[in-house]
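Since the structure comes first, as structure tokens, the remarks are kept for the end.
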Amino acid sequence: MPSRANTFRFLGNVAWMTVFQASGYVLALLNLPYLTRTLGVANYGTLAFVIGANAYLWLIIDWGFSLGATKDVAQAHGEPAAIREIVWRTMTAKLLLAAVALAGLGVLVALQKVPSPLYLLLPGILNICGAVLSVDWLMQGMGRMGLFSLYSIAGRTLVVILTFALVHGPQDTWIACALQGIGGLIGGGAGFLVATRYVDIGRPRFPFRDALRQILDYRHYFLSQSSWIAYTAAAPLLLTFVSGMEATGIFAGAERISRMVLSITIPVGMVMYPRVSALVSRSRSAAAELAGILLAMQILVGTMLTIGLMIFAGPIVELVLGHKFTGSVAVLRWLALLPAIVAVGSTLSRQFLLPLGRSREVSGITISCAGIYLALLAGLGHYMGPVGGAIGLVTAEVLLSLLSLGCLWTKERDFAVEALQAAMTAPQLVFKHLKELMAGDRIPQSPAAPAADTEDPAS
């Protein structure tokens, strides 16, 4: 396929992922202020606890498929039989992991100091079903970001509408919790139905032996992915035990704002990951150039977001969370450092080390940083409350970025040097490629994406 068509497909995918992230930002701006004011600090802390628990359940079932299976699908492009084998092997593995998640949910419900089973069981079970059905990894690997965005936005919108319709006070906290599971189920189910229409997945089959082998092979992806979920979900869980629901609510409000801001940097990274992964096997130099350009872009955007959050933390908390969450201002000022820090750590892990096959190293780094974060969270959270949780999170992210950089420089120095050179000259390279595109010339393969088997009507 001509490079011009590949490039326009890439830009279309980036546009769709930007719409997807922007929709989450807009819907959160509608939903978050309503929930914090309607539920109050303590009950919002309960909701944050349930969201954190659901995140861990989702993590168990995902098992790094959003990294490993996405990469496998991208590299199997043009081979329908191979893609069908990946699909059913992955779906079987998710069913096996769902049993583990159900057992974990039962253990969590039995613990003391957690919300009652009414708050945990229904959203947990619905969330597990949604996680099993989710085929986001397939949509991303096939480059069908338009379809992924459409059904995800629809599910998010329905949850917000139901929240406004059904949640009217603290007594409705259990409804707000249940809606978290309903959103996951609707999104996962809709995605699976869409995938069966546009991707030939064949008849259902359940290769349990291959699925078990895949679970074993993907353990490093799981450990890599677990740190990201740990950073976002561990605080509400641990702070509930060491500081109480009030502290959990204060932290969760500020953390939610920082994640909303961080989401601005996600679209390009999500589109680039399968692209860089497929490109590494063909041309490491081209992959290094593409990864270097992305690193420069993410650092620039992340730094700008950090500065903005630090300056306007007070007005943002007052506007989004309300006057009862004044304690969240200090927390948000610490978390404002995350966009700049994550721009380095996340990009080095997902666009450099993982596509280069360094999943073992990434898992070692991320699980170590997750452990350090949990220790800092328990200690600092006990003595300093939600501010301590924020300091622990920032410290762990800094350490993750430094260790990722050290690993890249030690294990893949040639790739790192080429990527750094591309990052230093990123504006010139982008301008060069755009100029060639406008002139109708063939663009070098570095920004090109593998074409899908059929045209995606949504993109």
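We label chains A, B, ... in the order they appear in the structure tokens, count residues from 1 in each chain, and number ligands from 1 in the order shown.
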Sel. of alpha helix (DSSP H) residues, region 204-403 of chain A, as number ranges by chain: A: 208-217, 219-242, 245-262, 266-280, 284-311, 313-320, 328-335, 338-347, 359-384, 386-403
Contacts of region 401-413 of chain A at 8 Å (only C-alpha atoms; same-chain gap of 2+ positions) as a list of chain:residue names: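 Close residues of region 401-413 of chain A: A:Ile341, A:Val342, A:Val344, A:Gly345, A:Ser346, A:Leu348, A:Ser349, A:Phe352, A:Leu353, A:Glu361, A:Val362, A:Ile365, A:Glu397, A:Val398, A:Leu399, A:Phe415, A:Ala416, A:Val417.
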May I ask which of the residues A:Val199, A:Ala375, A:Val159, A:Ala343 is the closest one to Ile186 (chain A), counting only C-alpha atoms?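 Distance minimum relative to Ile186 (chain A) lands on A:Val159.
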May I ask which of the residues A:Gln421, A:Gln214, A:Ser152, A:Thr196 is the closest one to Ala288 (chain A), counting only C-alpha atoms?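 With only C-alpha atoms as the atom set, the closest residue is A:Gln421.
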I'd like the neighbourhood of Gly130 (chain A) as a PDB file with C-alpha atoms, in the first residue's frame, where a residue qualifies if any of its atoms comes within 8 Å (using only C-alpha atoms), though same-chain residues fewer than 6 positions away should be ignored.
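File selection38.pdb, as written:
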ATOM      1  CA  GLY A 181     -19.263  -2.770  36.657  1.00  0.00           C
ATOM      2  CA  GLY A 184     -17.159  -2.427  31.929  1.00  0.00           C
ATOM      3  CA  LEU A 185     -19.675  -5.054  30.847  1.00  0.00           C
ATOM      4  CA  ILE A 186     -21.290  -2.825  28.212  1.00  0.00           C
ATOM      5  CA  GLY A 187     -17.930  -1.738  26.816  1.00  0.00           C
ATOM      6  CA  GLY A 188     -16.527  -5.277  26.710  1.00  0.00           C
ATOM      7  CA  GLY A 189     -19.664  -6.816  25.217  1.00  0.00           C
TER       8      GLY A 189
END
From the list A:Thr395, A:Ser66, A:Ser149, A:Thr347, which residue is nearest Leu290 (chain A) when using only C-alpha atoms?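 Checking each candidate against Leu290 (chain A), we get A:Thr347 as the closest.
Distances here use only C-alpha atoms; by that measure, the residue among A:Ala74, A:Ile153, A:Ile311, A:Ala103 closest to Val280 (chain A) is A:Ala74.
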Pick out the residues sitting within 8 Å of Thr46 (chain A), and hand them over as number ranges by chain; count only C-alpha atoms, and ignore anything fewer than 5 positions along from it in its own chain. A: 115, 173, 245, 248-249
Could the residues in this selection be saved with C-alpha atoms as a PDB file, in the first residue's frame?
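Result went into part_17.pdb, see below:
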ATOM      1  CA  PRO A 115     -17.243  -1.718  52.133  1.00  0.00           C
ATOM      2  CA  THR A 173     -23.393   5.084  46.851  1.00  0.00           C
ATOM      3  CA  MET A 245     -12.229   6.843  54.022  1.00  0.00           C
ATOM      4  CA  THR A 248      -9.040   8.124  50.581  1.00  0.00           C
ATOM      5  CA  GLY A 249     -11.608  10.564  49.230  1.00  0.00           C
TER       6      GLY A 249
END
Quick one: of A:Val41, A:Val276, A:Arg156, A:Gln180, who's nearest to Gly327 (chain A), counting only C-alpha atoms? A:Val41
